[in-house]
Amino acid sequence: MLTIDIRRRFAGFHLEVAHAFPLGGITALFGPSGCGKSTLLRVIAGLDAGAEGSVRFGGEAWQEGRRRLAPHRRGVGYVFQEARLFPHLDVAGNLRYAERRARAVPGRAFGFDDVVSALDLGPLLARRTGALSGGERQRVSIGRTLLARPRLMLMDEPLAALDMRRKAGILPHIARLPEVFGVPVIYVTHAIDEVTQLADRMVVLSDGRKTAEGPVDDVLARLDLPPATGRFEAGAVAEARILGHDRGWNLTRLEVGGQVLEMPEVDLPEGTVVRLRVRARDVSLATERPRGVSIRNILEATVLEIAAEAQTAFAEILISVGGVRLRARLTRASVADLGLTPGSAVFALIKSVSFDRRALVPAGTGEADGEGTGPGTGHP
Amino acid sequence: MLTIDIRRRFAGFHLEVAHAFPLGGITALFGPSGCGKSTLLRVIAGLDAGAEGSVRFGGEAWQEGRRRLAPHRRGVGYVFQEARLFPHLDVAGNLRYAERRARAVPGRAFGFDDVVSALDLGPLLARRTGALSGGERQRVSIGRTLLARPRLMLMDEPLAALDMRRKAGILPHIARLPEVFGVPVIYVTHAIDEVTQLADRMVVLSDGRKTAEGPVDDVLARLDLPPATGRFEAGAVAEARILGHDRGWNLTRLEVGGQVLEMPEVDLPEGTVVRLRVRARDVSLATERPRGVSIRNILEATVLEIAAEAQTAFAEILISVGGVRLRARLTRASVADLGLTPGSAVFALIKSVSFDRRALVPAGTGEADGEGTGPGTGHP
Amino acid sequence: ETALVAVAANFAGVAEELSEVYGGESGNTVTLTIGSTGKLFAQIGEGAPFNAMLSADAATPEKLEAAGETVPGQRFTYAVGRLALWSPDETRIGADGKAALTDAGLRHVAIANPDLAPYGAAAKQALQGLGLWDGLQDKIVMGQNIGQTHSMVASGAAELGFVALSALLDPENPAGGARWEVPQDLYAPIRQDAVLLKAGEGNAAAEGFLAFLRSPQAQDVIRSYGYAVE
Amino acid sequence: MDLPDAGPLWLSLRLAFITTAILLVAGTALAWWLAGTRSRLKPLVEAVTALPLVLPPTVLGFYLLVVLSPNGPVGRLWLDATGTTLTFSFAGIVIGSVFYSLPFAVQPLQATFETIGRGPMEAAAMLRATPFDAFVSVMSPMALRGYLTAAVLTFAHTIGEFGVVLMVGGSIPGRTKVISIAIYEHVETIDYAAAHVLSAGLLVFSFLVLVFVYAMNRRFPGHRG
Amino acid sequence: MDLPDAGPLWLSLRLAFITTAILLVAGTALAWWLAGTRSRLKPLVEAVTALPLVLPPTVLGFYLLVVLSPNGPVGRLWLDATGTTLTFSFAGIVIGSVFYSLPFAVQPLQATFETIGRGPMEAAAMLRATPFDAFVSVMSPMALRGYLTAAVLTFAHTIGEFGVVLMVGGSIPGRTKVISIAIYEHVETIDYAAAHVLSAGLLVFSFLVLVFVYAMNRRFPGHRG
Ligand SMILES: Nc1ncnc2c1ncn2[C@@H]1O[C@H](COP(=O)(O)OP(=O)(O)OP(=O)(O)O)[C@@H](O)[C@H]1O
Ligand SMILES: Nc1ncnc2c1ncn2[C@@H]1O[C@H](COP(=O)(O)OP(=O)(O)OP(=O)(O)O)[C@@H](O)[C@H]1O
Ligand code: MOO
Ligand SMILES: [Mg+2]
Ligand SMILES: [Mg+2]
């Protein structure tokens with residue numbers, strides 16, 4: 001556990017957060033601009049001399065009152081919002097800088113070349129850092145931090161400067177950090193799609209206070225969060241088992257709540273249990289089974305709960321598909337037209353094409369506390 | 001027209017672009033990290049001493065060969081990727097700096113307070129720039145540039161550091177720049193949602209070359225672009241007329257191709273003609289009219305064209321709704337199951353909730369060349 | 001044996017020649033260190049390793065003796081300096097130096113600082129004797145020592161200056177231009193005294209060199225530079 | 001002991017103020033050019049600006065005397081133009097001080113400009129600031145610490161220096177006899193008591209000025225990380 | 001004319017190298033402390049570091065002479081420890097030069113450190129670099145331009161300065177008679193020809209050294225915009 005209970009006061013801004021971060025997997029730190037995300041990371045890293053309170057990393061006291069363990073002894077990696085490459089070194093120099101200072105991690109070697117190829121840094125190695133584009137800079141910064149083999153990665157909006165394809169290329173690497181290195185990640189972002197793709201858990205900050213925490217989907221589904229938090233992306237996660245593939249149509253069949261569902265083909269063996277994210281806005285409901293529609297997934301379901309959102313066109317319906325809970329986002333008008341009430345038997349319509357690559361949630365790397373077990377721990 | 005035909009050579013990178021930017025509306029400059037977007041902006045702004053070729057802004061020659069008009073005489077505003085606030089001034093000082101140097105724009109006053117409230121800068125005014133969060137910095141930078149009342153705005157990923165709500169708050173202001181100020185905008189981004197929400201036209205750069213250009217939807221619909229460009233967001237834009245509002249259900253009715261469509265309520269008077277973006281993946285097709293479904297918009301349509309994407313699950317269908325062209329994204333399996341062929345009569349199913357606030361395209365400020373007509377032009 | 005001898009700047013050229021001659025004859029080595037008289041006084045007070053001092057005045061050796069820094073009874077006048085009015089411009093000075101000093105076109109007269117340099121004090125006396133001191137106040141510029149004064153004239157910045165005659169007569173490097181040797185009755189003799197310092201007690205080279213200074217051979221050399229000897 | 005004459009102190013302060021003012025302006029121009037140029041001459045010019053330091057002040061003063069005297073090229077022009085000589089005048093010691101202290105102004109300014117880089121100037125140009133405007137309104141306040149360094153080094157050095165001033169100025173009371181010369185004279189004439197008083201006064205005075213300057217700099221910090 | 005004696009030049013170079021080396025190290029420590037401290041003493045210490053400049057070199061030399069002589073506190077200690085006197089020795093003129101040139105090292109370094117800010121040090125700490133490591137491997141190369149300025153000012157000033165060295169060292173050939181004193185003496189003793197030769201040689205030599213240094217700096221640029 002990384003247990004913090006800290007206060008930081010600026011003129012006009014006051015951060016006060018107590019939280020226990022499990023040392024495993026990826027925790028997203030999510031919140032609007034100016035809510036204190038970067039400040040919180042700086043306190044954890046030991047870079048903020050003005051913070052008070054306690055920060056404990058497993059058995060180590062990193063901060064107690066105003067007594068702080070020096071930042072460089074904490075073994076945290078920090079991908080800064082503004083990259084902070086060393087201008088006097090070229091790209092390779094920046095990477096080697098970190099590599100030379102890394103602590104050996106027995107068994108799990110992950111060398112210079114691996115990082116270079118994973119982040120596609122090869123063509124940049126001989127470049128001056130001043131001659132990098134914004135996105136290139138950020139990739140180098142991520143690579144540099146990886147090569148230092150930290151015990152805890154703090155990442156401050158590392159992908160904001162990257163395009164979708166590059167993002168897509170890097171996200172899986174970040175997602176695998178906890179597994180590959182045993183290094184837990186605290187990941188600051190305001191992009192909800194990054195949260196949903198990467199994180200196991202999330203902590204929502206708002207104006208210096210923690211307003212929500214928990215597994216990503218639980219948090220996203222909470223009705224009391226401001227809609228801009230990502231209502232549009234909100235949904236539910238269902239456990240599903242891969243039944244088989246239809247290579248001809250490039251489809252994969254899954255079993256969800258005893259029924260069959262199809263999605264664009266994924267490269268996983270039959271029988272694998274996956275977590276499937278279903279966005280509420282991609283779910284329609286029908287009172288009779290439609291025919292001749294392109295929508296391939298028509299699941300029998302029961303309405304559990306209906307939450308109409310006043311002053312808006314929308315209502316959110318919680319349904320059960322053979323015990324698996326999903327959410328549907330409809331207009332209030334449709335709810336009325338179809339006469340939906342809790343208990344109604346309905347058909348849930350889910351377009352197959354609505355499952356993009358974000359749909360499969362990484363099979364959570366376990367919330368187990370990693371202290372002393374991860375390869376990166378055990379040294380001061 | 002801003003007509004450029006320029007070359008810039010770095011070791012290992014070569015930018016060569018000829019293009020004519022209409023001086024009206026918003027042109028998105030889109031492309032992956034490192035493709036040369038920032039470099040191109042710098043050449044237009046006159047900040048790159050190493051570029052060759054010509055840059056002409058209306059009747060003015062900004063660059064001819066290596067002879068360049070000094071950057072400060074061009075009257076361009078530039079929101080830099082890294083904000084570049086003046087550290088010796090507080091936030092108000094940064095804004096006033098620009099304001100004092102602005103050229104008067106007769107008639108269309110847009111003062112300090114307007115910018116401050118539009119960008120929610122009030123609480124930051126007395127702050128040192130060093131005490132701003134990443135997103136706050138970027139908002140100040142946008143405000144500062146606005147206050148200088150440029151003749152052409154160059155924006156380099158200005159919203160990358162902003163959360164969705166703030167983004168949503170600022171996007172409309174950026175979208176209205178061409179109207180309110182008569183200032184055309186060239187907007188660099190790698191976020192396809194910003195392109196679709198903001199831009200009238202887009203130019204796609206790839207490795208220093210222009211690979212596509214044109215109206216946003218045409219470009220996004222092009223099948224030869226790499227899928228990561230934003231296939232997921234692709235769609236079509238339909239002209240629609242507002243028929244009326246249903247205040248009770250918070251819905252707005254529109255006429256599209258002679259048929260009626262409902263979307264979450266928008267605040268526009270009856271009779272207004274708008275451009276409505278319909279994402280291909282939100283459109284399903286049916287061969288018979290479904291009943292008892294929550295999907296409110298069921299439009300009669302004809303299949304015009306079917307493009308199956310080899311090796312994927314997907315097919316893209318061009319349909320006509322009373323002459324208006326829309327796109328639908330289905331699985332290839334469904335196309336086969338429904339036996340769709342060009343000419344098939346179908347029903348297009350479009351969820352009302354699929355229209356978020358991005359759906360309404362700003363009614364393009366006309367592609368007319370703004371020279372001498374815009375209030376910001378006419379001075380050197 | 002070797003000795004370190006501190007020498008006033010105006011005598012440095014002569015002292016060099018003398019030390020060579022002395023070195024050749026005695027086998028001792030005399031190393032010279034050059035300084036202004038005031039500076040040398042301060043350094044000696046702080047334990048400078050000088051064995052002997054050839055001062056530019058008589059007062060400083062007296063003070064040193066009073067302060068107990070010297071070997072008593074060894075003080076003597078090794079040279080008497082002479083003052084000259086000099087200009088590199090031959091037409092500036094005719095037979096009568098006073099005329100040159102009252103010329104309407106004269107802008108600056110350089111003298112050494114009378115408070116610091118014996119040659120300066122002498123120049124002041126001479127000007128007072130000529131009745132020109134008050135009238136020339138506007139035109140007088142001062143070097144801190146006679147060397148700087150010489151530079152001011154040599155560079156042409158001051159048209160005229162009171163310099164050491166010895167500097168004009170340097171056999172290796174005779175100065176051009178015009179000079180007027182200031183009549184000796186216009187100023188008190190510029191006695192330059194030498195002393196054996198405590199650090200030089202028992203130093204054969206230092207004692208020998210001081211003795212050599214009084215030899216006729218040395219006195220000839222000294223005279224050849226324009227000094228008088230007693 | 002009498003109260004020491006305040007004349008040399010005022011003269012020194014005037015000299016130091018004027019020299020510092022001239023050098024902050026001229027040094028800025030030169031440092032800015034050096035920081036921005038891609039000319040192949042740059043290392044040569046940089047080397048030349050440091051050269052005045054290499055010669056002993058009195059010797060440099062001697063050469064300046066030659067150049068500035070009515071027989072020299074510059075002095076001739078000045079004489080023709082003003083009817084007065086440049087040597088042994090206040091104007092002359094200002095020129096001498098400016099020349100000698102040049103590196104103390106140029107070098108810190110150049111270093112600061114180069115460390116700041118062109119980014120802020122570009123940002124200002126994009127807000128329609130002319131290069132001059134941008135320099136005044138953005139670059140120089142950002143370079144405040146560099147200016148402070150340049151000013152302190154130049155000012156203090158001009159107060160303390162006397163070799164060049166002595167030679168070029170001729171130590172004329174009320175015109176060119178600055179405080180450093182006065183103190184020097186007291187030491188040379190073995191009037192240590194007067195030297196102590198003057199030195200102590202100068203040190204205390206300078207210390208107070210410097211503390212004030214640095215404290216102000218702290219209250220209005222420029223660009224700090 | 002004979003070839004001038006090369007001894008004083010070597011002595012000057014040794015003195016300048018040693019002084020510069022000492023000051024780059026000691027100046028770094030002081031400048032780093034000043035750049036980072038929030039102590040209320042900061043403006044006082046900053047003012048004190050500039051003070052050596054305010055006194056005329058000869059006068060400063062005089063006070064140093066008093067302090068370093070065996071009658072003074074420091075000189076006493078030195079004498080007891082080494083059996084030699086500090087005054088009129090090479091060690092003594094090194095101390096004098098270090099003291100006098102302190103501002104030329106501290107001020108540009110501090111200005112550069114402050115302009116760079118703490119960001120890079122933080123980034124290095126996050127890569128497990130100790131503060132010392134981070135300083136050596138990140139801050140100092142980024143501050144290259146500041147070091148260059150400090151080194152050039154210190155080096156050139158030590159070569160050219162003679163007041164302090166003359167007073168403390170006593171112009172003893174082979175021990176403390178450096179080139180600047182030699183040139184000064186030639187001028188004072190009206191041996192202008194020798195002075196010209198030495199001055200020209202010194203200028204050319206220094207110029208070449210400086211051009212080389214600046215050209216290297218250009219080829220391996222540090223942090224530029
Ligand atoms: N040194 C400081 N002095 C005063 N206020 C500060 C300081 N540093 C940060 N703040 C304020 O604290 C708040 C939190 O800043 P922080 O950088 O943690 O935000 P953030 O959540 O990271 O935002 P963003 O997503 O925009 O980067 C902001 O309002 C910011 O202006
Ligand atoms: N001064 C330079 N010297 C050499 N190469 C450079 C220089 N500046 C930019 N480049 C290279 O030119 C290419 C284009 O850079 P540019 O900054 O225009 O990219 P970009 O499209 O803005 O990328 P991003 O979205 O990451 O900001 C990159 O490969 C970059 O490394
Ligand atoms: O040699 Mo002196 O001390 O200038 O008269
Ligand atoms: Mg932040
Ligand atoms: Mg860019």
# chains A, B, ... in the order shown; residues from 1 in each chain; ligands from 1

call {"tool": "closest_atom_pairs", "arguments": {"of": "chain C", "to": "chain D", "cutoff": "7 Å", "atoms": "only C-alpha atoms", "output": "JSON lines"}}
result
{"residue": "C:Gly38", "atom": "CA", "partner": "D:Glu188", "partner_atom": "CA", "distance": 4.2}
{"residue": "C:Lys39", "atom": "CA", "partner": "D:Glu188", "partner_atom": "CA", "distance": 5.9}
{"residue": "C:Asp115", "atom": "CA", "partner": "D:Thr189", "partner_atom": "CA", "distance": 6.8}
{"residue": "C:Leu116", "atom": "CA", "partner": "D:Thr189", "partner_atom": "CA", "distance": 5.7}
{"residue": "C:Val141", "atom": "CA", "partner": "D:Gly170", "partner_atom": "CA", "distance": 4.7}
{"residue": "C:Met142", "atom": "CA", "partner": "D:Gly170", "partner_atom": "CA", "distance": 4.8}
{"residue": "C:Gly143", "atom": "CA", "partner": "D:Gly170", "partner_atom": "CA", "distance": 6.0}
{"residue": "C:Ser151", "atom": "CA", "partner": "D:Phe62", "partner_atom": "CA", "distance": 6.9}
{"residue": "C:Ser155", "atom": "CA", "partner": "D:Val66", "partner_atom": "CA", "distance": 4.9}
{"residue": "C:Gly156", "atom": "CA", "partner": "D:Ser69", "partner_atom": "CA", "distance": 6.1}
{"residue": "C:Ala157", "atom": "CA", "partner": "D:Ser69", "partner_atom": "CA", "distance": 4.4}

call {"tool": "residues_near_ligand", "arguments": {"ligand": "ligand 4", "cutoff": "12 Å", "atoms": "only C-alpha atoms and all ligand atoms", "output": "PyMOL selection string"}}
result
(chain A and resi 29-42+79-82+154-158+160+187-190+205) or (chain B and resi 131-138+160-163)

call {"tool": "atom_distance", "arguments": {"atom1": "CA of Arg209 in chain A", "atom2": "CA of Glu309 in chain A"}}
result
25.5 Å

call {"tool": "closest_residue", "arguments": {"among": "C:Gly131, C:Gly35, C:Pro216, C:Gly13", "to": "ligand 3", "atoms": "only C-alpha atoms and all ligand atoms"}}
result
C:Gly35

call {"tool": "residues_near_ligand", "arguments": {"ligand": "ligand 3", "cutoff": "10 Å", "atoms": "only C-alpha atoms and all ligand atoms", "output": "ChimeraX atom specification"}}
result
/C:7-12,35-39,55-57,81,111-122,143-150,163-164,190,192 /D:188 /E:188-189

call {"tool": "interface_residues", "arguments": {"of": "chain E", "to": "chain A", "cutoff": "12 Å", "atoms": "only C-alpha atoms", "output": "ChimeraX atom specification"}}
result
/E:38,116-134,137-145,220-225

call {"tool": "residues_around", "arguments": {"residues": "range 95-106 of chain C", "least_positions_apart": "4", "cutoff": "8 Å", "atoms": "only C-alpha atoms", "output": "JSON, numbers by chain"}}
result
{"C": [85, 130, 139, 159, 160, 180, 182]}

call {"tool": "select_by_dssp", "arguments": {"residues": "range 39-169 of chain D", "states": "helix (DSSP H, G or I)", "output": "JSON, numbers by chain"}}
result
{"D": [42, 43, 44, 45, 46, 47, 48, 49, 50, 51, 52, 53, 57, 58, 59, 60, 61, 62, 63, 64, 65, 66, 67, 68, 73, 74, 75, 76, 77, 78, 79, 80, 81, 82, 90, 91, 92, 93, 94, 95, 96, 97, 98, 99, 100, 101, 102, 103, 104, 105, 106, 107, 108, 109, 110, 111, 112, 113, 114, 115, 116, 119, 120, 121, 122, 123, 124, 125, 131, 132, 133, 134, 135, 136, 137, 138, 139, 140, 141, 142, 144, 145, 146, 147, 148, 149, 150, 151, 152, 153, 154, 155, 156, 157, 158, 159, 160, 163, 164, 165, 166, 167, 168, 169]}

call {"tool": "residues_around", "arguments": {"residues": "Gly177 in chain C", "least_positions_apart": "4", "cutoff": "6 Å", "atoms": "only C-alpha atoms", "output": "number ranges by chain"}}
result
C: 87-90

call {"tool": "write_last_selection", "arguments": {"atoms": "all heavy atoms", "output": "CSV table (one decimal), in the first residue's frame"}}
result
chain,number,residue,atom,x,y,z
C,87,SER,N,59.2,67.6,-22.8
C,87,SER,CA,58.1,67.5,-23.8
C,87,SER,C,58.7,66.7,-24.9
C,87,SER,O,59.8,66.9,-25.4
C,87,SER,CB,57.6,68.8,-24.3
C,87,SER,OG,56.7,68.6,-25.4
C,88,PRO,N,57.9,65.7,-25.4
C,88,PRO,CA,58.4,65.0,-26.6
C,88,PRO,C,58.4,65.9,-27.9
C,88,PRO,O,59.0,65.6,-28.9
C,88,PRO,CB,57.4,63.9,-26.8
C,88,PRO,CG,56.5,63.9,-25.6
C,88,PRO,CD,56.6,65.2,-25.0
C,89,ASP,N,57.7,67.0,-27.8
C,89,ASP,CA,57.6,68.0,-28.9
C,89,ASP,C,58.7,69.0,-28.7
C,89,ASP,O,58.7,69.8,-27.8
C,89,ASP,CB,56.2,68.6,-28.8
C,89,ASP,CG,56.1,69.7,-29.9
C,89,ASP,OD1,57.1,70.0,-30.6
C,89,ASP,OD2,55.0,70.3,-30.0
C,90,GLU,N,59.7,68.9,-29.7
C,90,GLU,CA,60.9,69.8,-29.6
C,90,GLU,C,60.5,71.2,-29.4
C,90,GLU,O,61.3,72.0,-28.8
C,90,GLU,CB,61.7,69.6,-30.8
C,90,GLU,CG,62.0,68.1,-31.1
C,90,GLU,CD,63.4,67.9,-31.6
C,90,GLU,OE1,64.1,68.9,-31.7
C,90,GLU,OE2,63.8,66.7,-31.8

call {"tool": "interface_residues", "arguments": {"of": "chain D", "to": "chain E", "cutoff": "6 Å", "atoms": "only C-alpha atoms", "output": "list of chain:residue names"}}
result
D:Pro43, D:Leu44, D:Ala47, D:Leu53, D:Val54, D:Leu55, D:Pro56, D:Gln107, D:Pro108, D:Ala111, D:Glu114, D:Gly117, D:Arg118, D:Arg145, D:Gly146, D:Thr149, D:Ala156, D:His157, D:Ile159, D:Gly160, D:Glu161, D:Ser180, D:Phe207, D:Leu210, D:Val211, D:Tyr214, D:Ala215, D:Arg224, D:Gly225

call {"tool": "atom_distance", "arguments": {"atom1": "CA of Ser19 in chain C", "atom2": "CA of Val80 in chain C"}}
result
18.8 Å
